[in-house]
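One structure is given below, encoded as structure tokens.
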Amino acid sequence: MKFQLSKSSSKISSETLVEFVSVNKNKINTEGLPKSIKDLASASFRDGLLKGNVKDIKVFPSLNMEGYKNIVLVGLGNKKNQNIECIRFAASSLYSALKSYNLRKVDVSLTSLQKHSKNLGDSIKAFVEGAELTHYNFDDYKPKAKDKYEAEFNLVGPAKLISKSAKDSLNEGIIMSECIMVARRLGDTPGNLMTPEILAKTAAKEAKGSKLKVTVWDKARIKKERMGGLLGVSLGGGPDPRFIIMEYKGAAASKKPVCFVGKGLTFDSGGISIKPSGGMHEMKYDMCGGANVIGTMLAIARLKLKVNVVAYVPSTENMPGPMANKPGDILTARNGKQVEVLNTDAEGRLILMDALSYACEKKPAVIFDAATLTGAVIMALGNSFTGVFTREDKLYSKIKKAADKTCERVWQLPLMEHHMNDMKGTHAELSNMSSFRGAGSSTAAAFLSNFVEEDIPWAHFDIAGTAWKVGNRLNYCPSKGASGSMIRTFVELSKMF
Ligand code: BES
Ligand code: ZN
Ligand code: ZN
């Protein structure tokens, strides 16, 4: 879609005008609206047609007012309790309303957006994200629609509102949306069309034109680098594994990088410990950790942030072929630790153990990993909170701060000594499965902690619940597809070290 800023003095060619309103103590606030539209909003409020709450939209077609054919009123709720997620929600609902009326050329009033939201720059960015991310639709493999709906948003205001910072905000919104959509598309594309090789090639293709350097290791190199977990999981069959490295240098060379690691399991059948067939197709999303880390790196590079970042994405399928890991097999990780594979379906931790060990060798400032790691996190937190595990409470405070800023929901879950004990093996140092029932997400995190040196700050994000199918919580996310969770928070975090 198209988003642009323009001065109200320039010739208006749109058919539709969008104005914002807010509410306070059961009263509608119409500050900043032209007189005729103020009256319209007040009358609609009085008649109960418009409540002014977030997600409340009222379309007045063929009204012919203020030189526009159609007028649309958008509620932003009570300004006091508002955050930027409210703007995303409002923009998403607006997009859906415009689409249902097939309104394609829209002027959006910056004067009223400024009056009824807290910070114009943040609101412009969130507006673009809310609308563009709702427009996302994974229909690449469906018959082409004859006249696909596309809208053109013209954000109009007086010259003083069309500042350099407003332009930057618009640009940030566009870049963030694009990178989140790249990640969603990687997630939504099924296993046969999104193999480790294709994942790596797409990351490299998307990185073109930016300062991102992408290096891809093939199976032979993975073996040579002693990545026994990634190699072991890949032996189950399917396409060859890859280890994807992405590097971006936007700060002084002496500055230690922030490191992201993402689980890139392009299809998880469970392996020999095979999953039940109902719902198994959803395991194409098991590479969303990798996809969202790739999306994060693209965003950082395209935004040209002054930070140093590096990302590692181990990628393979988990299949039950004749050479697959068998329960009881012992694998050796890159850092030399040996692991008894008691359940081949707990494969995410096996590929992450090598990636985390490798990441530590580079002595980064901090490591964040994202993985659709456990079904247990969905039992604990549902699809609205990402579970976060870390050995350092101070690091969690930073994560919470970043997530509060982007309005992504995180919740700290325990990672304790006894979870570590539960992951001890019988015939090897470690087991990939807990010896006790329950706390499956904590024991998975405890397993990973064996591969991160203690002096490196590290946090693990279990996005199994939030990486897809969150449309019932967030209107700008698809109800059945990938969400791109944590990309916004990771971009924010990259600036904090
Ligand atoms: N990819 C799954 C986790 C998952 C489950 C993600 C459901 C999204 C939705 C992971 O590889 C897995 O199968 N984990 C097992 C671990 C268990 C065998 C210790 C799980 O959570 O059941
Ligand atoms: Zn699994
Ligand atoms: Zn998995």
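Within each chain, counting starts at residue 1; across the structure tokens, chains are named A, B, ... in the order shown, with ligands numbered 1 upward in that order.
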Mind dumping a table of every chain A residue within 9 Å of ligand 1, with the nearest atom pair and its distance in Å to one decimal, using only C-alpha atoms and all ligand atoms, sorted by chain and rising number, as a tab-separated table?
```
residue	atom	partner	partner_atom_place_in_ligand_line	distance
A:Leu265	CA	ligand 1	1 (N)	7.9
A:Phe267	CA	ligand 1	1 (N)	8.6
A:Asp268	CA	ligand 1	1 (N)	6.1
A:Ser269	CA	ligand 1	13 (O)	8.3
A:Gly270	CA	ligand 1	13 (O)	6.1
A:Ser273	CA	ligand 1	18 (C)	8.1
A:Lys275	CA	ligand 1	13 (O)	7.7
A:Glu282	CA	ligand 1	9 (C)	7.6
A:Met283	CA	ligand 1	1 (N)	6.5
A:Tyr285	CA	ligand 1	8 (C)	7.5
A:Asp286	CA	ligand 1	1 (N)	5.4
A:Met287	CA	ligand 1	1 (N)	8.7
A:Asn318	CA	ligand 1	11 (O)	8.7
A:Leu342	CA	ligand 1	18 (C)	8.5
A:Asn343	CA	ligand 1	18 (C)	5.5
A:Thr344	CA	ligand 1	18 (C)	7.1
A:Asp345	CA	ligand 1	13 (O)	4.5
A:Ala346	CA	ligand 1	16 (C)	4.2
A:Glu347	CA	ligand 1	11 (O)	5.3
A:Gly348	CA	ligand 1	11 (O)	5.1
A:Arg349	CA	ligand 1	11 (O)	7.9
A:Ala371	CA	ligand 1	1 (N)	8.3
A:Thr372	CA	ligand 1	6 (C)	4.7
A:Leu373	CA	ligand 1	3 (C)	4.6
A:Thr374	CA	ligand 1	21 (O)	3.4
A:Gly375	CA	ligand 1	21 (O)	3.7
A:Ala376	CA	ligand 1	21 (O)	5.5
A:Val377	CA	ligand 1	21 (O)	7.9
A:Ile378	CA	ligand 1	9 (C)	7.4
A:Asn432	CA	ligand 1	19 (C)	7.2
A:Met433	CA	ligand 1	19 (C)	5.0
A:Ser434	CA	ligand 1	19 (C)	6.9
A:Gly440	CA	ligand 1	19 (C)	6.5
A:Ser441	CA	ligand 1	21 (O)	7.6
A:Thr443	CA	ligand 1	19 (C)	8.7
A:Ala444	CA	ligand 1	19 (C)	7.5
A:Asp462	CA	ligand 1	6 (C)	8.9
A:Ile463	CA	ligand 1	6 (C)	8.0
A:Ala464	CA	ligand 1	8 (C)	4.4
A:Gly465	CA	ligand 1	8 (C)	6.6
A:Ala467	CA	ligand 1	8 (C)	8.4
A:Trp468	CA	ligand 1	8 (C)	8.9
```
Put those residues in a file: N, CA and C atoms, as a compact mmCIF listing (two decimals), in the first residue's frame.
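As written to disk, again-v5.txt reads:
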```txt
# COMPACT_ATOMS: atom_id res chain seq x y z
N LEU A 265 13.46 -24.41 12.31
CA LEU A 265 13.02 -25.77 12.00
C LEU A 265 11.93 -25.69 10.92
N PHE A 267 10.32 -27.82 9.15
CA PHE A 267 9.13 -28.66 9.44
C PHE A 267 9.46 -29.65 10.54
N ASP A 268 8.59 -29.67 11.55
CA ASP A 268 8.82 -30.55 12.70
C ASP A 268 7.75 -31.65 12.74
N SER A 269 8.12 -32.82 12.23
CA SER A 269 7.19 -33.97 12.28
C SER A 269 7.28 -34.64 13.64
N GLY A 270 8.30 -34.28 14.41
CA GLY A 270 8.56 -34.95 15.68
C GLY A 270 9.67 -35.98 15.54
N SER A 273 9.90 -39.96 17.42
CA SER A 273 8.86 -39.70 18.43
C SER A 273 7.79 -38.84 17.74
N LYS A 275 4.77 -36.84 15.93
CA LYS A 275 3.63 -36.09 16.46
C LYS A 275 2.32 -36.70 15.95
N GLU A 282 0.68 -27.53 11.12
CA GLU A 282 1.06 -26.25 11.75
C GLU A 282 2.55 -26.20 12.08
N MET A 283 3.21 -27.34 12.03
CA MET A 283 4.64 -27.35 12.35
C MET A 283 5.51 -26.75 11.24
N TYR A 285 5.34 -23.76 10.99
CA TYR A 285 5.66 -22.52 11.71
C TYR A 285 6.84 -22.68 12.67
N ASP A 286 7.45 -23.87 12.67
CA ASP A 286 8.49 -24.12 13.66
C ASP A 286 9.80 -23.39 13.33
N MET A 287 9.77 -22.62 12.24
CA MET A 287 10.96 -21.80 11.92
C MET A 287 10.70 -20.32 12.20
N ASN A 318 12.82 -31.85 10.79
CA ASN A 318 12.91 -32.94 11.76
C ASN A 318 12.03 -34.07 11.26
N LEU A 342 16.22 -38.39 24.39
CA LEU A 342 15.16 -39.29 24.88
C LEU A 342 13.86 -39.09 24.13
N ASN A 343 13.71 -37.91 23.52
CA ASN A 343 12.52 -37.67 22.71
C ASN A 343 12.96 -36.88 21.48
N THR A 344 12.79 -37.48 20.31
CA THR A 344 13.31 -36.81 19.10
C THR A 344 12.49 -35.57 18.75
N ASP A 345 11.32 -35.42 19.40
CA ASP A 345 10.49 -34.24 19.15
C ASP A 345 11.02 -33.02 19.91
N ALA A 346 11.91 -33.23 20.87
CA ALA A 346 12.51 -32.08 21.55
C ALA A 346 13.79 -31.74 20.78
N GLU A 347 13.58 -31.35 19.49
CA GLU A 347 14.71 -31.15 18.58
C GLU A 347 15.19 -29.70 18.55
N GLY A 348 14.28 -28.78 18.91
CA GLY A 348 14.64 -27.36 18.82
C GLY A 348 15.87 -27.07 19.67
N ARG A 349 15.86 -27.61 20.87
CA ARG A 349 16.99 -27.37 21.79
C ARG A 349 18.28 -27.98 21.25
N ALA A 371 12.43 -18.93 19.83
CA ALA A 371 12.13 -20.27 19.35
C ALA A 371 10.70 -20.67 19.67
N THR A 372 10.08 -21.38 18.72
CA THR A 372 8.80 -22.04 19.01
C THR A 372 9.20 -23.34 19.69
N LEU A 373 9.59 -23.23 20.96
CA LEU A 373 10.31 -24.34 21.59
C LEU A 373 9.42 -25.38 22.26
N THR A 374 8.37 -24.92 22.95
CA THR A 374 7.58 -25.91 23.72
C THR A 374 6.07 -25.66 23.61
N GLY A 375 5.32 -26.78 23.58
CA GLY A 375 3.87 -26.69 23.68
C GLY A 375 3.49 -26.21 25.08
N ALA A 376 4.36 -26.47 26.03
CA ALA A 376 4.05 -26.13 27.43
C ALA A 376 3.87 -24.63 27.64
N VAL A 377 4.57 -23.81 26.86
CA VAL A 377 4.43 -22.36 27.05
C VAL A 377 3.03 -21.91 26.62
N ILE A 378 2.43 -22.65 25.71
CA ILE A 378 1.06 -22.32 25.28
C ILE A 378 0.09 -22.67 26.42
N ASN A 432 17.74 -34.56 26.58
CA ASN A 432 16.98 -33.46 25.93
C ASN A 432 15.56 -33.40 26.46
N MET A 433 15.25 -34.26 27.46
CA MET A 433 13.91 -34.27 28.04
C MET A 433 14.01 -34.27 29.55
N SER A 434 13.09 -33.60 30.19
CA SER A 434 13.12 -33.52 31.65
C SER A 434 12.80 -34.88 32.26
N GLY A 440 7.64 -27.74 31.48
CA GLY A 440 8.37 -28.09 30.26
C GLY A 440 9.09 -26.93 29.59
N SER A 441 8.58 -25.72 29.75
CA SER A 441 9.25 -24.57 29.11
C SER A 441 10.47 -24.16 29.92
N THR A 443 12.27 -26.23 31.86
CA THR A 443 13.33 -27.22 31.73
C THR A 443 14.00 -27.10 30.35
N ALA A 444 13.20 -26.72 29.34
CA ALA A 444 13.79 -26.51 28.00
C ALA A 444 14.79 -25.35 28.07
N ASP A 462 10.41 -17.95 24.37
CA ASP A 462 9.63 -19.06 23.81
C ASP A 462 8.38 -18.47 23.16
N ILE A 463 8.40 -18.44 21.81
CA ILE A 463 7.31 -17.79 21.06
C ILE A 463 6.33 -18.80 20.48
N ALA A 464 6.33 -20.04 21.04
CA ALA A 464 5.42 -21.07 20.49
C ALA A 464 3.97 -20.60 20.49
N GLY A 465 3.58 -19.81 21.49
CA GLY A 465 2.19 -19.34 21.57
C GLY A 465 1.92 -18.08 20.78
N ALA A 467 3.80 -16.82 18.01
CA ALA A 467 4.35 -16.69 16.66
C ALA A 467 3.31 -16.83 15.56
N TRP A 468 2.19 -17.44 15.87
CA TRP A 468 1.14 -17.54 14.84
C TRP A 468 -0.22 -17.72 15.49
```
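Every protein, DNA or RNA residue with an atom at most 8 Å from Arg302 (chain A), where only C-alpha atoms count and chain neighbours fewer than 3 positions away do not, is listed here: A:Ile175, A:Ser210, A:Leu298, A:Ala299, A:Leu305.
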Give me a file of those residues, with C-alpha atoms, as a compact mmCIF listing (two decimals), in the first residue's frame.
```txt
# COMPACT_ATOMS: atom_id res chain seq x y z
CA ILE A 175 10.26 -0.45 7.10
CA SER A 210 21.67 -3.04 2.81
CA LEU A 298 16.54 -6.76 8.01
CA ALA A 299 14.77 -4.03 9.99
CA LEU A 305 20.64 1.82 13.16
```
Report as CSV: every residue of region 71-118 of chain A with an atom at most 9 Å from region 40-63 of chain A, its closest pair of atoms, and their distance in Å to one decimal, counting only C-alpha atoms, with rows sorted by chain and ascending residue number.
```
residue,atom,partner,partner_atom,distance
A:Ile71,CA,A:Phe60,CA,5.1
A:Val72,CA,A:Val59,CA,4.5
A:Leu73,CA,A:Lys58,CA,5.2
A:Val74,CA,A:Ile57,CA,4.8
A:Gly75,CA,A:Gly52,CA,3.9
A:Leu76,CA,A:Val54,CA,4.6
A:Gly77,CA,A:Asn53,CA,4.0
A:Asn78,CA,A:Asn53,CA,7.4
A:Cys86,CA,A:Val54,CA,6.2
A:Ile87,CA,A:Val54,CA,7.9
A:Phe89,CA,A:Lys55,CA,6.0
A:Ala90,CA,A:Lys55,CA,4.8
A:Ala91,CA,A:Lys55,CA,8.1
A:Ser92,CA,A:Lys55,CA,7.9
A:Ser93,CA,A:Lys55,CA,5.4
A:Leu94,CA,A:Ile57,CA,6.4
A:Ala97,CA,A:Ile57,CA,7.3
A:Leu98,CA,A:Val59,CA,8.1
A:Tyr101,CA,A:Pro61,CA,8.4
```
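The set of residues in region 185-264 of chain A assigned to strand (DSSP E or B) by DSSP, using only backbone atoms of this structure, is Lys213, Val214, Thr215, Val216, Trp217, Arg242, Phe243, Ile244, Ile245, Met246, Glu247, Tyr248, Lys249, Val258, Cys259, Phe260, Val261, Gly262 and Gly264 of chain A.
Of the residues listed (A:Val182, A:Ile399, A:Leu5, A:Met227), A:Val182 shows the shortest atom-to-atom separation from Lys205 (chain A); distances use only C-alpha atoms.
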Excluding Lys480 (chain A) and its own-chain neighbours fewer than 6 positions away, which residues fall within 8 Å of it when counting only C-alpha atoms? Please give them as a tab-separated table (two decimals) with C-alpha atoms, in the first residue's frame.
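result-v1.tsv was written with the following content:
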```
chain	number	residue	atom	x	y	z
A	468	TRP	CA	1.14	-17.54	14.84
A	469	LYS	CA	-2.65	-17.68	15.14
A	470	VAL	CA	-2.94	-14.57	17.30
A	471	GLY	CA	-5.58	-12.72	15.24
```
- [ ] Excluding Glu454 (chain A) and any residue of its chain fewer than 3 positions from it, enumerate the residues within 12 Å of it, using only C-alpha atoms, and give them as a PyMOL selection string.
- [x] chain A and resi 357+360+363+366-367+390-392+448-451+457-459
If you keep C-alpha atoms, can you produce a file of those selected residues as an mmCIF file, in the first residue's frame?
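Written output follows (result_26.cif):
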```cif
data_model
loop_
_atom_site.group_PDB
_atom_site.id
_atom_site.type_symbol
_atom_site.label_atom_id
_atom_site.label_comp_id
_atom_site.auth_asym_id
_atom_site.auth_seq_id
_atom_site.Cartn_x
_atom_site.Cartn_y
_atom_site.Cartn_z
ATOM 1 C CA SER A 357 27.694 -22.371 21.722
ATOM 2 C CA CYS A 360 29.312 -17.479 22.789
ATOM 3 C CA LYS A 363 31.809 -12.914 22.895
ATOM 4 C CA VAL A 366 24.171 -10.145 24.993
ATOM 5 C CA ILE A 367 22.358 -13.076 23.374
ATOM 6 C CA THR A 390 16.886 -15.432 31.830
ATOM 7 C CA ARG A 391 19.422 -15.950 34.600
ATOM 8 C CA GLU A 392 19.617 -12.202 35.208
ATOM 9 C CA LEU A 448 19.708 -24.240 26.655
ATOM 10 C CA SER A 449 21.522 -22.522 29.526
ATOM 11 C CA ASN A 450 24.146 -25.286 29.403
ATOM 12 C CA PHE A 451 25.289 -23.807 26.118
ATOM 13 C CA PRO A 457 23.910 -12.048 29.475
ATOM 14 C CA TRP A 458 21.304 -14.199 27.741
ATOM 15 C CA ALA A 459 17.542 -14.420 27.461
#
```
Write out as a short mmCIF file (atom, residue, chain, number, x, y, z; two decimals) with N, CA, C and O atoms, in the first residue's frame all residues of region 266-465 of chain A that backbone DSSP assigns to alpha helix (DSSP H).
```
data_model
loop_
_atom_site.label_atom_id
_atom_site.label_comp_id
_atom_site.auth_asym_id
_atom_site.auth_seq_id
_atom_site.Cartn_x
_atom_site.Cartn_y
_atom_site.Cartn_z
N CYS A 288 9.61 -20.03 12.93
CA CYS A 288 9.27 -18.61 13.16
C CYS A 288 10.32 -17.89 14.02
O CYS A 288 10.52 -16.69 13.86
N GLY A 289 10.99 -18.61 14.90
CA GLY A 289 12.07 -17.98 15.68
C GLY A 289 13.13 -17.47 14.71
O GLY A 289 13.57 -16.31 14.78
N GLY A 290 13.52 -18.34 13.77
CA GLY A 290 14.51 -17.96 12.75
C GLY A 290 13.98 -16.84 11.88
O GLY A 290 14.67 -15.85 11.61
N ALA A 291 12.73 -16.99 11.43
CA ALA A 291 12.13 -15.98 10.54
C ALA A 291 12.10 -14.62 11.23
O ALA A 291 12.43 -13.59 10.62
N ASN A 292 11.74 -14.61 12.51
CA ASN A 292 11.60 -13.33 13.20
C ASN A 292 12.96 -12.70 13.52
O ASN A 292 13.10 -11.47 13.55
N VAL A 293 13.96 -13.55 13.70
CA VAL A 293 15.33 -13.02 13.86
C VAL A 293 15.81 -12.44 12.53
O VAL A 293 16.43 -11.36 12.48
N ILE A 294 15.50 -13.12 11.43
CA ILE A 294 15.87 -12.59 10.10
C ILE A 294 15.14 -11.25 9.89
O ILE A 294 15.75 -10.26 9.47
N GLY A 295 13.86 -11.20 10.22
CA GLY A 295 13.08 -9.96 10.10
C GLY A 295 13.70 -8.84 10.94
O GLY A 295 13.77 -7.68 10.50
N THR A 296 14.15 -9.18 12.13
CA THR A 296 14.80 -8.20 13.02
C THR A 296 16.05 -7.63 12.36
O THR A 296 16.26 -6.41 12.35
N MET A 297 16.88 -8.53 11.82
CA MET A 297 18.14 -8.09 11.21
C MET A 297 17.88 -7.20 9.99
O MET A 297 18.56 -6.19 9.78
N LEU A 298 16.88 -7.57 9.19
CA LEU A 298 16.54 -6.76 8.01
C LEU A 298 16.10 -5.36 8.45
O LEU A 298 16.52 -4.36 7.88
N ALA A 299 15.28 -5.33 9.52
CA ALA A 299 14.77 -4.03 9.99
C ALA A 299 15.92 -3.16 10.49
O ALA A 299 16.01 -1.97 10.14
N ILE A 300 16.81 -3.74 11.29
CA ILE A 300 17.94 -2.97 11.84
C ILE A 300 18.79 -2.40 10.70
O ILE A 300 19.18 -1.23 10.72
N ALA A 301 19.03 -3.23 9.68
CA ALA A 301 19.87 -2.78 8.57
C ALA A 301 19.16 -1.73 7.72
O ALA A 301 19.77 -0.73 7.33
N ARG A 302 17.86 -1.95 7.45
CA ARG A 302 17.15 -0.98 6.59
C ARG A 302 16.90 0.34 7.33
O ARG A 302 16.81 1.39 6.69
N GLY A 348 14.28 -28.78 18.91
CA GLY A 348 14.64 -27.36 18.82
C GLY A 348 15.87 -27.07 19.67
O GLY A 348 16.82 -26.41 19.23
N ARG A 349 15.86 -27.61 20.87
CA ARG A 349 16.99 -27.37 21.79
C ARG A 349 18.28 -27.98 21.25
O ARG A 349 19.37 -27.51 21.56
N LEU A 350 18.14 -29.05 20.43
CA LEU A 350 19.34 -29.71 19.89
C LEU A 350 20.00 -28.86 18.81
O LEU A 350 21.24 -28.86 18.68
N ILE A 351 19.19 -28.15 18.05
CA ILE A 351 19.82 -27.30 17.02
C ILE A 351 20.27 -25.97 17.64
O ILE A 351 21.25 -25.37 17.21
N LEU A 352 19.55 -25.54 18.68
CA LEU A 352 19.93 -24.27 19.32
C LEU A 352 21.20 -24.42 20.15
O LEU A 352 21.95 -23.47 20.32
N MET A 353 21.45 -25.63 20.67
CA MET A 353 22.64 -25.79 21.52
C MET A 353 23.91 -25.47 20.74
O MET A 353 24.83 -24.86 21.28
N ASP A 354 23.94 -25.88 19.47
CA ASP A 354 25.13 -25.57 18.66
C ASP A 354 25.20 -24.08 18.34
O ASP A 354 26.27 -23.48 18.38
N ALA A 355 24.06 -23.52 18.00
CA ALA A 355 24.03 -22.09 17.62
C ALA A 355 24.42 -21.22 18.82
O ALA A 355 25.17 -20.25 18.68
N LEU A 356 23.93 -21.57 20.00
CA LEU A 356 24.25 -20.78 21.20
C LEU A 356 25.74 -20.93 21.55
O LEU A 356 26.41 -19.96 21.90
N SER A 357 26.26 -22.16 21.44
CA SER A 357 27.69 -22.37 21.72
C SER A 357 28.54 -21.53 20.77
O SER A 357 29.50 -20.88 21.19
N TYR A 358 28.16 -21.56 19.51
CA TYR A 358 28.90 -20.80 18.51
C TYR A 358 28.82 -19.31 18.80
O TYR A 358 29.82 -18.59 18.74
N ALA A 359 27.61 -18.86 19.17
CA ALA A 359 27.40 -17.44 19.48
C ALA A 359 28.33 -17.00 20.61
O ALA A 359 28.93 -15.92 20.56
N CYS A 360 28.47 -17.83 21.63
CA CYS A 360 29.31 -17.48 22.79
C CYS A 360 30.78 -17.29 22.40
O CYS A 360 31.47 -16.47 22.98
N GLU A 361 31.22 -18.07 21.42
CA GLU A 361 32.62 -17.96 20.98
C GLU A 361 32.91 -16.55 20.46
O GLU A 361 34.04 -16.10 20.48
N ALA A 376 4.36 -26.47 26.03
CA ALA A 376 4.05 -26.13 27.43
C ALA A 376 3.87 -24.63 27.64
O ALA A 376 3.08 -24.21 28.50
N VAL A 377 4.57 -23.81 26.86
CA VAL A 377 4.43 -22.36 27.05
C VAL A 377 3.03 -21.91 26.62
O VAL A 377 2.50 -20.92 27.14
N ILE A 378 2.43 -22.65 25.71
CA ILE A 378 1.06 -22.32 25.28
C ILE A 378 0.09 -22.67 26.42
O ILE A 378 -0.86 -21.92 26.68
N MET A 379 0.37 -23.77 27.11
CA MET A 379 -0.46 -24.14 28.28
C MET A 379 -0.34 -23.05 29.35
O MET A 379 -1.32 -22.67 30.00
N ALA A 380 0.87 -22.55 29.54
CA ALA A 380 1.11 -21.58 30.61
C ALA A 380 0.58 -20.19 30.28
O ALA A 380 -0.06 -19.55 31.11
N LEU A 381 0.84 -19.71 29.07
CA LEU A 381 0.59 -18.30 28.76
C LEU A 381 -0.38 -18.08 27.59
O LEU A 381 -0.67 -16.93 27.25
N ASP A 393 17.92 -11.03 36.44
CA ASP A 393 16.70 -10.21 36.55
C ASP A 393 16.89 -8.84 35.93
O ASP A 393 15.96 -8.24 35.39
N LYS A 394 18.14 -8.34 36.02
CA LYS A 394 18.42 -7.01 35.45
C LYS A 394 18.17 -7.00 33.94
O LYS A 394 17.67 -6.02 33.39
N LEU A 395 18.52 -8.09 33.31
CA LEU A 395 18.30 -8.18 31.86
C LEU A 395 16.80 -8.21 31.58
O LEU A 395 16.32 -7.59 30.62
N TYR A 396 16.05 -8.91 32.43
CA TYR A 396 14.60 -8.96 32.21
C TYR A 396 14.00 -7.55 32.28
O TYR A 396 13.09 -7.23 31.51
N SER A 397 14.50 -6.73 33.21
CA SER A 397 13.96 -5.35 33.31
C SER A 397 14.13 -4.61 31.99
O SER A 397 13.24 -3.87 31.56
N LYS A 398 15.28 -4.82 31.35
CA LYS A 398 15.51 -4.15 30.06
C LYS A 398 14.53 -4.68 29.01
O LYS A 398 13.99 -3.92 28.20
N ILE A 399 14.35 -5.98 29.03
CA ILE A 399 13.44 -6.60 28.05
C ILE A 399 12.02 -6.06 28.25
O ILE A 399 11.33 -5.71 27.29
N LYS A 400 11.61 -5.96 29.51
CA LYS A 400 10.26 -5.48 29.83
C LYS A 400 10.11 -4.04 29.34
O LYS A 400 9.07 -3.66 28.80
N LYS A 401 11.16 -3.27 29.53
CA LYS A 401 11.12 -1.87 29.11
C LYS A 401 10.95 -1.78 27.58
O LYS A 401 10.13 -0.99 27.08
N ALA A 402 11.73 -2.59 26.88
CA ALA A 402 11.64 -2.59 25.41
C ALA A 402 10.26 -3.05 24.96
O ALA A 402 9.63 -2.45 24.08
N ALA A 403 9.75 -4.11 25.59
CA ALA A 403 8.45 -4.67 25.20
C ALA A 403 7.31 -3.70 25.54
O ALA A 403 6.33 -3.61 24.81
N ASP A 404 7.46 -2.97 26.65
CA ASP A 404 6.43 -1.98 27.00
C ASP A 404 6.37 -0.90 25.94
O ASP A 404 5.32 -0.37 25.61
N LYS A 405 7.55 -0.55 25.44
CA LYS A 405 7.62 0.50 24.43
C LYS A 405 6.94 0.05 23.13
O LYS A 405 6.25 0.84 22.48
N THR A 406 7.14 -1.20 22.75
CA THR A 406 6.58 -1.67 21.47
C THR A 406 5.18 -2.26 21.66
O THR A 406 4.51 -2.58 20.69
N GLU A 417 17.83 -23.59 39.43
CA GLU A 417 18.79 -24.68 39.58
C GLU A 417 18.11 -26.05 39.41
O GLU A 417 18.62 -26.95 38.75
N HIS A 418 16.93 -26.21 40.03
CA HIS A 418 16.29 -27.54 39.96
C HIS A 418 15.83 -27.89 38.55
O HIS A 418 15.75 -29.06 38.19
N HIS A 419 15.56 -26.86 37.72
CA HIS A 419 15.22 -27.16 36.33
C HIS A 419 16.45 -27.72 35.61
O HIS A 419 16.33 -28.59 34.75
N MET A 420 17.62 -27.22 36.01
CA MET A 420 18.88 -27.72 35.43
C MET A 420 19.06 -29.20 35.82
O MET A 420 19.44 -30.02 34.99
N ASN A 421 18.80 -29.49 37.09
CA ASN A 421 18.97 -30.87 37.56
C ASN A 421 18.07 -31.84 36.81
O ASN A 421 18.45 -32.98 36.55
N GLY A 440 7.64 -27.74 31.48
CA GLY A 440 8.37 -28.09 30.26
C GLY A 440 9.09 -26.93 29.59
O GLY A 440 10.13 -27.13 28.95
N SER A 441 8.58 -25.72 29.75
CA SER A 441 9.25 -24.57 29.11
C SER A 441 10.47 -24.16 29.92
O SER A 441 11.49 -23.74 29.36
N SER A 442 10.35 -24.28 31.24
CA SER A 442 11.48 -23.93 32.10
C SER A 442 12.62 -24.94 31.96
O SER A 442 13.79 -24.55 31.91
N THR A 443 12.27 -26.23 31.86
CA THR A 443 13.33 -27.22 31.73
C THR A 443 14.00 -27.10 30.35
O THR A 443 15.21 -27.30 30.23
N ALA A 444 13.20 -26.72 29.34
CA ALA A 444 13.79 -26.51 28.00
C ALA A 444 14.79 -25.35 28.07
O ALA A 444 15.91 -25.44 27.53
N ALA A 445 14.40 -24.27 28.77
CA ALA A 445 15.30 -23.11 28.91
C ALA A 445 16.54 -23.52 29.70
O ALA A 445 17.66 -23.11 29.37
N ALA A 446 16.34 -24.35 30.72
CA ALA A 446 17.47 -24.81 31.54
C ALA A 446 18.45 -25.61 30.69
O ALA A 446 19.66 -25.48 30.82
N PHE A 447 17.89 -26.43 29.78
CA PHE A 447 18.75 -27.19 28.87
C PHE A 447 19.62 -26.23 28.06
O PHE A 447 20.84 -26.38 27.97
N LEU A 448 18.97 -25.20 27.49
CA LEU A 448 19.71 -24.24 26.65
C LEU A 448 20.82 -23.55 27.44
O LEU A 448 21.88 -23.24 26.91
N SER A 449 20.56 -23.30 28.73
CA SER A 449 21.52 -22.52 29.53
C SER A 449 22.88 -23.23 29.63
O SER A 449 23.89 -22.59 29.90
#
```
Need the shell around Thr189 (chain A): protein/DNA/RNA residues with any atom at most 12 Å away, counting only C-alpha atoms. Skip same-chain ones fewer than 2 positions apart. Format as a CSV table (one decimal) with C-alpha atoms, in the first residue's frame?
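Output contents, as saved in around.csv:
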```csv
chain,number,residue,atom,x,y,z
A,137,ASN,CA,-2.5,-11.7,3.3
A,138,PHE,CA,-0.7,-15.0,2.5
A,139,ASP,CA,-2.4,-15.6,-0.8
A,140,ASP,CA,0.6,-16.3,-3.1
A,141,TYR,CA,-0.8,-19.8,-3.9
A,182,VAL,CA,8.9,-10.8,5.2
A,183,ALA,CA,9.1,-12.8,8.4
A,184,ARG,CA,5.4,-13.7,8.2
A,185,ARG,CA,5.7,-14.9,4.7
A,186,LEU,CA,8.7,-17.1,5.6
A,187,GLY,CA,6.5,-18.6,8.4
A,191,GLY,CA,7.8,-26.9,4.4
A,192,ASN,CA,8.2,-28.1,0.8
A,193,LEU,CA,8.5,-24.5,-0.4
A,194,MET,CA,10.5,-23.1,2.5
A,195,THR,CA,13.4,-25.5,3.0
A,198,ILE,CA,15.3,-21.5,0.5
A,199,LEU,CA,15.2,-19.8,3.9
A,202,THR,CA,15.5,-15.6,0.9
A,266,THR,CA,11.3,-25.7,8.6
A,267,PHE,CA,9.1,-28.7,9.4
A,281,HIS,CA,0.7,-29.1,9.3
A,282,GLU,CA,1.1,-26.3,11.8
A,283,MET,CA,4.6,-27.4,12.3
A,284,LYS,CA,5.6,-25.4,9.2
A,285,TYR,CA,5.7,-22.5,11.7
A,286,ASP,CA,8.5,-24.1,13.7
A,287,MET,CA,11.0,-21.8,11.9
A,288,CYS,CA,9.3,-18.6,13.2
A,291,ALA,CA,12.1,-16.0,10.5
A,481,GLY,CA,-1.0,-17.2,9.9
A,482,ALA,CA,2.4,-16.1,11.3
```
